[in-house]
Structure formats: structure tokens, C-alpha cells
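Colleague: Got a structure for you, structure17.pdb, holding PDB, C-alpha atoms.
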```
ATOM      1  CA  MET A 150      72.276 117.726-135.458  1.00  0.00           C
ATOM      2  CA  ALA A 151      74.493 116.131-132.827  1.00  0.00           C
ATOM      3  CA  LEU A 152      73.108 114.908-129.535  1.00  0.00           C
ATOM      4  CA  THR A 153      73.109 117.437-126.723  1.00  0.00           C
ATOM      5  CA  PHE A 154      74.894 116.555-123.495  1.00  0.00           C
ATOM      6  CA  ALA A 155      71.509 115.951-121.848  1.00  0.00           C
ATOM      7  CA  ASN A 156      70.600 113.520-124.664  1.00  0.00           C
ATOM      8  CA  LYS A 157      73.922 111.716-124.239  1.00  0.00           C
ATOM      9  CA  VAL A 158      73.190 111.240-120.537  1.00  0.00           C
ATOM     10  CA  THR A 159      69.764 109.832-121.468  1.00  0.00           C
ATOM     11  CA  VAL A 160      71.318 107.431-123.985  1.00  0.00           C
ATOM     12  CA  GLY A 161      73.748 106.363-121.259  1.00  0.00           C
ATOM     13  CA  ARG A 162      70.752 105.601-119.034  1.00  0.00           C
ATOM     14  CA  ILE A 163      69.238 103.458-121.792  1.00  0.00           C
ATOM     15  CA  LEU A 164      72.545 101.587-122.103  1.00  0.00           C
ATOM     16  CA  ILE A 165      72.537 100.849-118.354  1.00  0.00           C
ATOM     17  CA  VAL A 166      69.232  98.940-118.631  1.00  0.00           C
ATOM     18  CA  PRO A 167      70.580  95.715-120.223  1.00  0.00           C
ATOM     19  CA  PHE A 168      73.355  95.558-117.615  1.00  0.00           C
ATOM     20  CA  PHE A 169      70.794  96.061-114.852  1.00  0.00           C
ATOM     21  CA  ILE A 170      68.617  93.291-116.315  1.00  0.00           C
ATOM     22  CA  ALA A 171      71.545  90.884-116.601  1.00  0.00           C
ATOM     23  CA  THR A 172      72.680  91.641-113.069  1.00  0.00           C
ATOM     24  CA  VAL A 173      69.215  91.056-111.573  1.00  0.00           C
ATOM     25  CA  MET A 174      68.726  87.871-113.579  1.00  0.00           C
ATOM     26  CA  TYR A 175      71.953  86.377-112.197  1.00  0.00           C
ATOM     27  CA  ILE A 176      71.311  87.194-108.542  1.00  0.00           C
ATOM     28  CA  SER A 177      71.296  83.999-106.518  1.00  0.00           C
ATOM     29  CA  PRO A 178      71.972  82.971-102.917  1.00  0.00           C
ATOM     30  CA  GLN A 179      75.590  82.309-103.967  1.00  0.00           C
ATOM     31  CA  HIS A 180      75.869  85.641-105.788  1.00  0.00           C
ATOM     32  CA  GLN A 181      74.227  88.145-103.459  1.00  0.00           C
ATOM     33  CA  TYR A 182      76.864  90.716-104.387  1.00  0.00           C
ATOM     34  CA  LEU A 183      74.972  91.054-107.680  1.00  0.00           C
ATOM     35  CA  ARG A 184      72.055  92.535-105.741  1.00  0.00           C
ATOM     36  CA  TRP A 185      74.379  95.369-104.728  1.00  0.00           C
ATOM     37  CA  ALA A 186      75.621  95.706-108.302  1.00  0.00           C
ATOM     38  CA  ALA A 187      71.999  95.916-109.499  1.00  0.00           C
ATOM     39  CA  LEU A 188      71.314  98.524-106.843  1.00  0.00           C
ATOM     40  CA  GLY A 189      74.329 100.554-108.026  1.00  0.00           C
ATOM     41  CA  LEU A 190      73.244 100.353-111.668  1.00  0.00           C
ATOM     42  CA  PHE A 191      69.679 101.300-110.781  1.00  0.00           C
ATOM     43  CA  MET A 192      70.848 104.267-108.712  1.00  0.00           C
ATOM     44  CA  ALA A 193      73.204 105.371-111.503  1.00  0.00           C
ATOM     45  CA  ALA A 194      70.250 105.362-113.893  1.00  0.00           C
ATOM     46  CA  VAL A 195      68.018 107.278-111.472  1.00  0.00           C
ATOM     47  CA  ILE A 196      70.716 109.874-110.789  1.00  0.00           C
ATOM     48  CA  SER A 197      71.406 110.258-114.517  1.00  0.00           C
ATOM     49  CA  ASP A 198      67.677 110.927-115.022  1.00  0.00           C
ATOM     50  CA  ILE A 199      67.869 113.777-112.528  1.00  0.00           C
ATOM     51  CA  ILE A 200      71.046 115.104-114.157  1.00  0.00           C
ATOM     52  CA  ASP A 201      69.789 115.022-117.743  1.00  0.00           C
ATOM     53  CA  GLY A 202      66.530 116.714-116.753  1.00  0.00           C
ATOM     54  CA  TYR A 203      68.390 119.439-114.895  1.00  0.00           C
ATOM     55  CA  ILE A 204      70.800 120.007-117.784  1.00  0.00           C
ATOM     56  CA  ALA A 205      68.012 120.077-120.371  1.00  0.00           C
ATOM     57  CA  ARG A 206      66.032 122.663-118.391  1.00  0.00           C
ATOM     58  CA  THR A 207      68.847 124.925-117.219  1.00  0.00           C
ATOM     59  CA  ARG A 208      71.086 124.816-120.289  1.00  0.00           C
ATOM     60  CA  GLY A 209      68.371 125.128-122.912  1.00  0.00           C
ATOM     61  CA  GLN A 210      68.963 121.587-124.161  1.00  0.00           C
ATOM     62  CA  LYS A 211      65.339 120.473-124.462  1.00  0.00           C
ATOM     63  CA  THR A 212      65.012 118.618-127.772  1.00  0.00           C
ATOM     64  CA  LYS A 213      62.473 116.473-129.592  1.00  0.00           C
ATOM     65  CA  ALA A 214      64.859 113.540-129.238  1.00  0.00           C
ATOM     66  CA  GLY A 215      65.043 114.126-125.499  1.00  0.00           C
ATOM     67  CA  ALA A 216      61.248 114.371-125.257  1.00  0.00           C
ATOM     68  CA  ILE A 217      61.085 110.846-126.706  1.00  0.00           C
ATOM     69  CA  LEU A 218      64.237 109.275-125.268  1.00  0.00           C
ATOM     70  CA  ASP A 219      63.805 110.432-121.660  1.00  0.00           C
ATOM     71  CA  PRO A 220      60.400 108.835-120.991  1.00  0.00           C
ATOM     72  CA  LEU A 221      61.505 105.797-123.017  1.00  0.00           C
ATOM     73  CA  ALA A 222      64.565 105.381-120.782  1.00  0.00           C
ATOM     74  CA  ASP A 223      62.412 105.777-117.671  1.00  0.00           C
ATOM     75  CA  LYS A 224      59.915 103.153-118.806  1.00  0.00           C
ATOM     76  CA  MET A 225      62.631 100.750-119.943  1.00  0.00           C
ATOM     77  CA  LEU A 226      64.304 100.951-116.543  1.00  0.00           C
ATOM     78  CA  LEU A 227      61.194 100.679-114.388  1.00  0.00           C
ATOM     79  CA  ILE A 228      59.349  98.046-116.408  1.00  0.00           C
ATOM     80  CA  SER A 229      62.458  95.871-116.682  1.00  0.00           C
ATOM     81  CA  ALA A 230      63.004  96.277-112.926  1.00  0.00           C
ATOM     82  CA  PHE A 231      59.453  95.184-112.092  1.00  0.00           C
ATOM     83  CA  ILE A 232      59.491  92.233-114.475  1.00  0.00           C
ATOM     84  CA  CYS A 233      62.978  90.998-113.589  1.00  0.00           C
ATOM     85  CA  LEU A 234      62.527  91.400-109.854  1.00  0.00           C
ATOM     86  CA  TYR A 235      59.229  89.517-110.097  1.00  0.00           C
ATOM     87  CA  ILE A 236      60.730  86.713-112.209  1.00  0.00           C
ATOM     88  CA  ARG A 237      63.663  86.348-109.788  1.00  0.00           C
ATOM     89  CA  ARG A 238      61.476  86.690-106.669  1.00  0.00           C
ATOM     90  CA  GLU A 239      62.819  83.468-105.146  1.00  0.00           C
ATOM     91  CA  ASN A 240      66.107  85.325-104.625  1.00  0.00           C
ATOM     92  CA  PHE A 241      64.279  88.032-102.690  1.00  0.00           C
ATOM     93  CA  ALA A 242      62.546  85.682-100.287  1.00  0.00           C
ATOM     94  CA  ALA A 243      61.540  88.223 -97.655  1.00  0.00           C
ATOM     95  CA  ILE A 244      60.408  91.140 -99.823  1.00  0.00           C
ATOM     96  CA  HIS A 245      59.437  90.631-103.482  1.00  0.00           C
ATOM     97  CA  PHE A 246      56.877  92.133-105.837  1.00  0.00           C
ATOM     98  CA  PRO A 247      53.508  90.409-105.965  1.00  0.00           C
ATOM     99  CA  LEU A 248      52.094  89.696-109.411  1.00  0.00           C
ATOM    100  CA  TRP A 249      49.112  92.030-108.937  1.00  0.00           C
ATOM    101  CA  PHE A 250      51.484  94.945-108.361  1.00  0.00           C
ATOM    102  CA  VAL A 251      53.580  94.275-111.468  1.00  0.00           C
ATOM    103  CA  VAL A 252      50.456  93.813-113.616  1.00  0.00           C
ATOM    104  CA  ALA A 253      48.894  97.043-112.313  1.00  0.00           C
ATOM    105  CA  ILE A 254      51.998  99.119-112.977  1.00  0.00           C
ATOM    106  CA  ILE A 255      52.677  97.723-116.439  1.00  0.00           C
ATOM    107  CA  SER A 256      48.990  97.827-117.460  1.00  0.00           C
ATOM    108  CA  ARG A 257      48.861 101.579-116.893  1.00  0.00           C
ATOM    109  CA  ASP A 258      51.952 102.074-119.049  1.00  0.00           C
ATOM    110  CA  VAL A 259      50.551  99.886-121.833  1.00  0.00           C
ATOM    111  CA  ILE A 260      47.242 101.787-121.757  1.00  0.00           C
ATOM    112  CA  LEU A 261      49.078 105.126-121.915  1.00  0.00           C
ATOM    113  CA  LEU A 262      51.292 103.888-124.757  1.00  0.00           C
ATOM    114  CA  LEU A 263      48.260 102.766-126.768  1.00  0.00           C
ATOM    115  CA  GLY A 264      46.550 106.087-126.053  1.00  0.00           C
ATOM    116  CA  SER A 265      49.648 107.961-127.199  1.00  0.00           C
ATOM    117  CA  MET A 266      49.707 105.976-130.426  1.00  0.00           C
ATOM    118  CA  ILE A 267      46.030 106.770-131.050  1.00  0.00           C
ATOM    119  CA  ILE A 268      46.644 110.479-130.441  1.00  0.00           C
ATOM    120  CA  ARG A 269      49.664 110.451-132.773  1.00  0.00           C
ATOM    121  CA  LEU A 270      47.768 108.613-135.518  1.00  0.00           C
ATOM    122  CA  THR A 271      44.690 110.792-135.165  1.00  0.00           C
ATOM    123  CA  THR A 272      46.268 114.227-134.763  1.00  0.00           C
ATOM    124  CA  GLY A 273      49.615 113.717-136.463  1.00  0.00           C
ATOM    125  CA  LYS A 274      51.428 115.005-133.395  1.00  0.00           C
ATOM    126  CA  LEU A 275      52.132 114.021-129.849  1.00  0.00           C
ATOM    127  CA  GLU A 276      53.545 116.270-127.190  1.00  0.00           C
ATOM    128  CA  ILE A 277      54.322 114.419-123.993  1.00  0.00           C
ATOM    129  CA  GLU A 278      54.705 116.468-120.874  1.00  0.00           C
ATOM    130  CA  ALA A 279      55.214 114.794-117.543  1.00  0.00           C
ATOM    131  CA  ASN A 280      52.873 116.165-114.910  1.00  0.00           C
ATOM    132  CA  ARG A 281      53.268 116.222-111.134  1.00  0.00           C
ATOM    133  CA  SER A 282      51.181 113.107-110.607  1.00  0.00           C
ATOM    134  CA  GLY A 283      53.306 111.208-113.134  1.00  0.00           C
ATOM    135  CA  LYS A 284      56.525 112.363-111.489  1.00  0.00           C
ATOM    136  CA  PHE A 285      55.227 111.457-108.033  1.00  0.00           C
ATOM    137  CA  THR A 286      54.160 108.042-109.314  1.00  0.00           C
ATOM    138  CA  ALA A 287      57.591 107.455-110.868  1.00  0.00           C
ATOM    139  CA  PHE A 288      59.196 108.451-107.563  1.00  0.00           C
ATOM    140  CA  LEU A 289      57.049 105.938-105.658  1.00  0.00           C
ATOM    141  CA  GLN A 290      57.833 103.218-108.187  1.00  0.00           C
ATOM    142  CA  ILE A 291      61.563 103.929-107.877  1.00  0.00           C
ATOM    143  CA  VAL A 292      61.314 103.714-104.086  1.00  0.00           C
ATOM    144  CA  CYS A 293      59.492 100.368-104.454  1.00  0.00           C
ATOM    145  CA  VAL A 294      62.321  98.979-106.597  1.00  0.00           C
ATOM    146  CA  LEU A 295      64.897 100.263-104.127  1.00  0.00           C
ATOM    147  CA  GLY A 296      62.898  98.719-101.284  1.00  0.00           C
ATOM    148  CA  VAL A 297      62.963  95.292-102.919  1.00  0.00           C
ATOM    149  CA  LEU A 298      66.662  95.524-103.757  1.00  0.00           C
ATOM    150  CA  LEU A 299      67.426  96.598-100.182  1.00  0.00           C
ATOM    151  CA  GLN A 300      64.846  94.204 -98.682  1.00  0.00           C
ATOM    152  CA  LEU A 301      63.138  96.942 -96.655  1.00  0.00           C
ATOM    153  CA  ALA A 302      60.015  95.727 -94.834  1.00  0.00           C
ATOM    154  CA  PHE A 303      58.031  98.970 -95.300  1.00  0.00           C
ATOM    155  CA  THR A 304      58.103  98.368 -99.061  1.00  0.00           C
ATOM    156  CA  ARG A 305      55.094  96.035 -98.748  1.00  0.00           C
ATOM    157  CA  TYR A 306      52.972  98.967 -97.568  1.00  0.00           C
ATOM    158  CA  LEU A 307      54.340 101.303-100.183  1.00  0.00           C
ATOM    159  CA  TRP A 308      53.056  99.015-102.967  1.00  0.00           C
ATOM    160  CA  TYR A 309      49.501 100.041-102.160  1.00  0.00           C
ATOM    161  CA  VAL A 310      50.341 103.739-102.214  1.00  0.00           C
ATOM    162  CA  ALA A 311      52.238 103.294-105.498  1.00  0.00           C
ATOM    163  CA  VAL A 312      49.344 101.428-107.145  1.00  0.00           C
ATOM    164  CA  VAL A 313      46.831 104.087-106.087  1.00  0.00           C
ATOM    165  CA  ALA A 314      49.134 106.849-107.361  1.00  0.00           C
ATOM    166  CA  THR A 315      49.688 104.900-110.584  1.00  0.00           C
ATOM    167  CA  PHE A 316      45.931 104.600-111.086  1.00  0.00           C
ATOM    168  CA  PHE A 317      45.244 108.288-110.454  1.00  0.00           C
ATOM    169  CA  SER A 318      48.119 109.499-112.628  1.00  0.00           C
ATOM    170  CA  GLY A 319      46.861 107.172-115.373  1.00  0.00           C
ATOM    171  CA  VAL A 320      43.401 108.721-115.126  1.00  0.00           C
ATOM    172  CA  ILE A 321      44.911 112.219-115.337  1.00  0.00           C
ATOM    173  CA  TYR A 322      46.964 111.291-118.429  1.00  0.00           C
ATOM    174  CA  ILE A 323      43.901 109.705-120.058  1.00  0.00           C
ATOM    175  CA  LYS A 324      41.888 112.879-119.437  1.00  0.00           C
ATOM    176  CA  GLU A 325      44.689 114.954-120.988  1.00  0.00           C
ATOM    177  CA  GLY A 326      44.783 112.581-123.961  1.00  0.00           C
ATOM    178  CA  ILE A 327      41.031 112.838-124.506  1.00  0.00           C
ATOM    179  CA  LYS A 328      41.304 116.630-124.294  1.00  0.00           C
ATOM    180  CA  ALA A 329      44.089 116.583-126.933  1.00  0.00           C
ATOM    181  CA  LEU A 330      41.951 114.418-129.214  1.00  0.00           C
ATOM    182  CA  ASN A 331      38.924 116.683-128.789  1.00  0.00           C
ATOM    183  CA  GLU A 332      40.969 119.810-129.517  1.00  0.00           C
ATOM    184  CA  SER A 333      42.309 118.326-132.737  1.00  0.00           C
ATOM    185  CA  THR A 334      38.849 117.905-134.308  1.00  0.00           C
TER     186      THR A 334
END
```
Please lay out the structure from this file as C-alpha cells.
Modeller:
Amino acid sequence: MALTFANKVTVGRILIVPFFIATVMYISPQHQYLRWAALGLFMAAVISDIIDGYIARTRGQKTKAGAILDPLADKMLLISAFICLYIRRENFAAIHFPLWFVVAIISRDVILLLGSMIIRLTTGKLEIEANRSGKFTAFLQIVCVLGVLLQLAFTRYLWYVAVVATFFSGVIYIKEGIKALNEST
């Protein structure tokens, strides 16, 4: 079966990630225009996420491939943004991610990935559905990345809100995972 339009948009978002990474990694005091290019690529990816979700829901284009590719694209974009912006923090002198923030965000995703693998291996299936807390957390994380790219002072305060939301959404996903494991036995 060919990819749906929504899936093609998701694949496009995945293809943006390496360009975003390269752009962030080459930002320097002499090449500040690359910060704006990174911002444009990041925004293109975020907007394409909104578009592919809307198309999938309204045009009946929800697929198994999309259920896997969409969260994969989201995680690729956000995790690469956190890591790259942390690595290149000297080029974001005023506002840059602290290590504790990056570790907290990525740790939750690693824990959820391992939990998903356990569920898949144990039950033979895995149905991932984003919940409101996960969507809110992703929104906060996106705003944090935008805040660093734009060097917005309030971003420092938002890190705490994002980490708390990340923690609570992780707990909710873990509870759902445990429930799925219990129902399979």
C-alpha cells in the first residue's frame, strides 16, 4: 500500500531533522543567521506535525505506519533539539538548556521506549495513543526549544513547568502501560 498524504507529511518531517541538526551544530557568533534557519526548520516541522495529524483525523488517513512514524518524528525532532542546543550552548550564551533539563526530558522518553518494548514483547502488540498530558508536555517542550532559539528570558522559568509536566505525563503513560500488561495476562 502506498503512503497516505498524511504519512508523506510525516516522512517530510523526519527528513527535516538532519537539516535542523546540521543547522544548529553550525551556529556560531559569525553565523547567527543559522539560528534563524534552525528556527524556520523547527517551525516547519512543528507545523507539519499539526497538518499531518489534522489530515489523518479528518480524511480517514490513520494508518499503522502513521501510528509509528508520527511519534518517531516527534521524538527525533525534540530529542535532537535538546541535545544539539545543549551541546552548542556556548552559542546561546544568555539562554541555553541546563544539563538537568535535557537529562530529565530524555530519561522519560527512554523509560517510555523501554516500557513500550516490554509491552510489545510480552503482549505481541502495542497500540500507542497520545493522551492530553503527553500532548501538553510536547507543547511545553516545543515552546522551550523556541524560547532558546529566540533567546526569550521567560524560557528559564518554563523549564521547570516542562519538567514537572514531563514527569506527570511519564507517570500516566507508565500506569497505562502497566494496565495494558495486566490486561494481557
Colleague: Using all atoms listed in the file, can you list as a short mmCIF file (atom, residue, chain, number, x, y, z; two decimals) with C-alpha atoms, keeping the file's coordinate frame the residues within 12 Å of (50.3, 92.1, -107.2)?
Modeller:
```cif
data_model
loop_
_atom_site.label_atom_id
_atom_site.label_comp_id
_atom_site.auth_asym_id
_atom_site.auth_seq_id
_atom_site.Cartn_x
_atom_site.Cartn_y
_atom_site.Cartn_z
CA PHE A 231 59.45 95.18 -112.09
CA ILE A 232 59.49 92.23 -114.48
CA TYR A 235 59.23 89.52 -110.10
CA HIS A 245 59.44 90.63 -103.48
CA PHE A 246 56.88 92.13 -105.84
CA PRO A 247 53.51 90.41 -105.96
CA LEU A 248 52.09 89.70 -109.41
CA TRP A 249 49.11 92.03 -108.94
CA PHE A 250 51.48 94.94 -108.36
CA VAL A 251 53.58 94.28 -111.47
CA VAL A 252 50.46 93.81 -113.62
CA ALA A 253 48.89 97.04 -112.31
CA ILE A 254 52.00 99.12 -112.98
CA ILE A 255 52.68 97.72 -116.44
CA SER A 256 48.99 97.83 -117.46
CA ARG A 305 55.09 96.04 -98.75
CA TRP A 308 53.06 99.02 -102.97
CA TYR A 309 49.50 100.04 -102.16
CA ALA A 311 52.24 103.29 -105.50
CA VAL A 312 49.34 101.43 -107.14
#
```
Colleague: Residues near range 196-210 of chain A, anyone? I mean within 9 Å using all atoms listed in the file, not counting same-chain ones fewer than 4 positions away, as a PyMOL selection string.
Modeller: chain A and resi 153-159+161-162+191-192+215+219+222-223
Colleague: Taking all atoms listed in the file into account, which of A:Ile176, A:Ile244, A:Leu183, A:Ile291 comes nearest Lys224 in chain A?
Modeller: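 For Lys224 in chain A, the nearest of the given residues is A:Ile291.
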Colleague: Which polymer residues, whether protein, DNA or RNA, lie within 9 Å of the coordinate (62.8, 102.6, -115.6) when you count all atoms listed in the file? List them as a compact mmCIF listing (two decimals) with C-alpha atoms, in the frame of the given file, using the chain letters and numbers from the file.
Modeller:
```
# COMPACT_ATOMS: atom_id res chain seq x y z
CA ILE A 163 69.24 103.46 -121.79
CA VAL A 166 69.23 98.94 -118.63
CA PHE A 191 69.68 101.30 -110.78
CA ALA A 194 70.25 105.36 -113.89
CA VAL A 195 68.02 107.28 -111.47
CA PRO A 220 60.40 108.84 -120.99
CA LEU A 221 61.50 105.80 -123.02
CA ALA A 222 64.56 105.38 -120.78
CA ASP A 223 62.41 105.78 -117.67
CA LYS A 224 59.92 103.15 -118.81
CA MET A 225 62.63 100.75 -119.94
CA LEU A 226 64.30 100.95 -116.54
CA LEU A 227 61.19 100.68 -114.39
CA ILE A 228 59.35 98.05 -116.41
CA SER A 229 62.46 95.87 -116.68
CA ALA A 230 63.00 96.28 -112.93
CA PHE A 231 59.45 95.18 -112.09
CA ALA A 287 57.59 107.46 -110.87
CA GLN A 290 57.83 103.22 -108.19
CA ILE A 291 61.56 103.93 -107.88
```
Colleague: Looking at all atoms listed in the file, which of A:Met174, A:Val320, A:Ile165, A:Leu298 is the one that sits closest to Leu190 in chain A?
Modeller: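 Checking each of A:Met174, A:Val320, A:Ile165, A:Leu298 against Leu190 in chain A, counting all atoms listed in the file, the winner is A:Ile165.
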Colleague: Can you tell me which residues surround Ile267 in chain A at a distance of at most 12 Å, considering all atoms listed in the file, apart from same-chain residues fewer than 6 positions away, and format the answer as a list of chain:residue names?
Modeller: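 Close residues of Ile267 in chain A: A:Ile260, A:Leu261, A:Gly273, A:Lys274, A:Leu275, A:Ile323, A:Gly326, A:Ile327, A:Ala329, A:Leu330.
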Colleague: Just how far from CA of Cys293 in chain A is CA of Leu307 in chain A, in Å to one decimal?
Modeller: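 The value is 6.8 Å.
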Colleague: Could you name the residues that touch Arg237 in chain A at 8 Å or less, counting only C-alpha atoms, but leaving out those on the same chain fewer than 3 positions away, as a ChimeraX atom specification?
Modeller: /A:173-174,176,233-234,240-241
Colleague: If you apply the PyMOL selection byres ((chain A and resi 281) around 12) to this file, what residues do you get, as a compact mmCIF listing (two decimals) with C-alpha atoms, keeping the file's coordinate frame?
Modeller:
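Here's the written file selection_39.txt:
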```txt
# COMPACT_ATOMS: atom_id res chain seq x y z
CA GLU A 278 54.70 116.47 -120.87
CA ALA A 279 55.21 114.79 -117.54
CA ASN A 280 52.87 116.16 -114.91
CA SER A 282 51.18 113.11 -110.61
CA GLY A 283 53.31 111.21 -113.13
CA LYS A 284 56.52 112.36 -111.49
CA PHE A 285 55.23 111.46 -108.03
CA THR A 286 54.16 108.04 -109.31
CA ALA A 287 57.59 107.46 -110.87
CA PHE A 288 59.20 108.45 -107.56
CA ALA A 314 49.13 106.85 -107.36
CA THR A 315 49.69 104.90 -110.58
CA PHE A 317 45.24 108.29 -110.45
CA SER A 318 48.12 109.50 -112.63
CA GLY A 319 46.86 107.17 -115.37
CA ILE A 321 44.91 112.22 -115.34
CA TYR A 322 46.96 111.29 -118.43
```
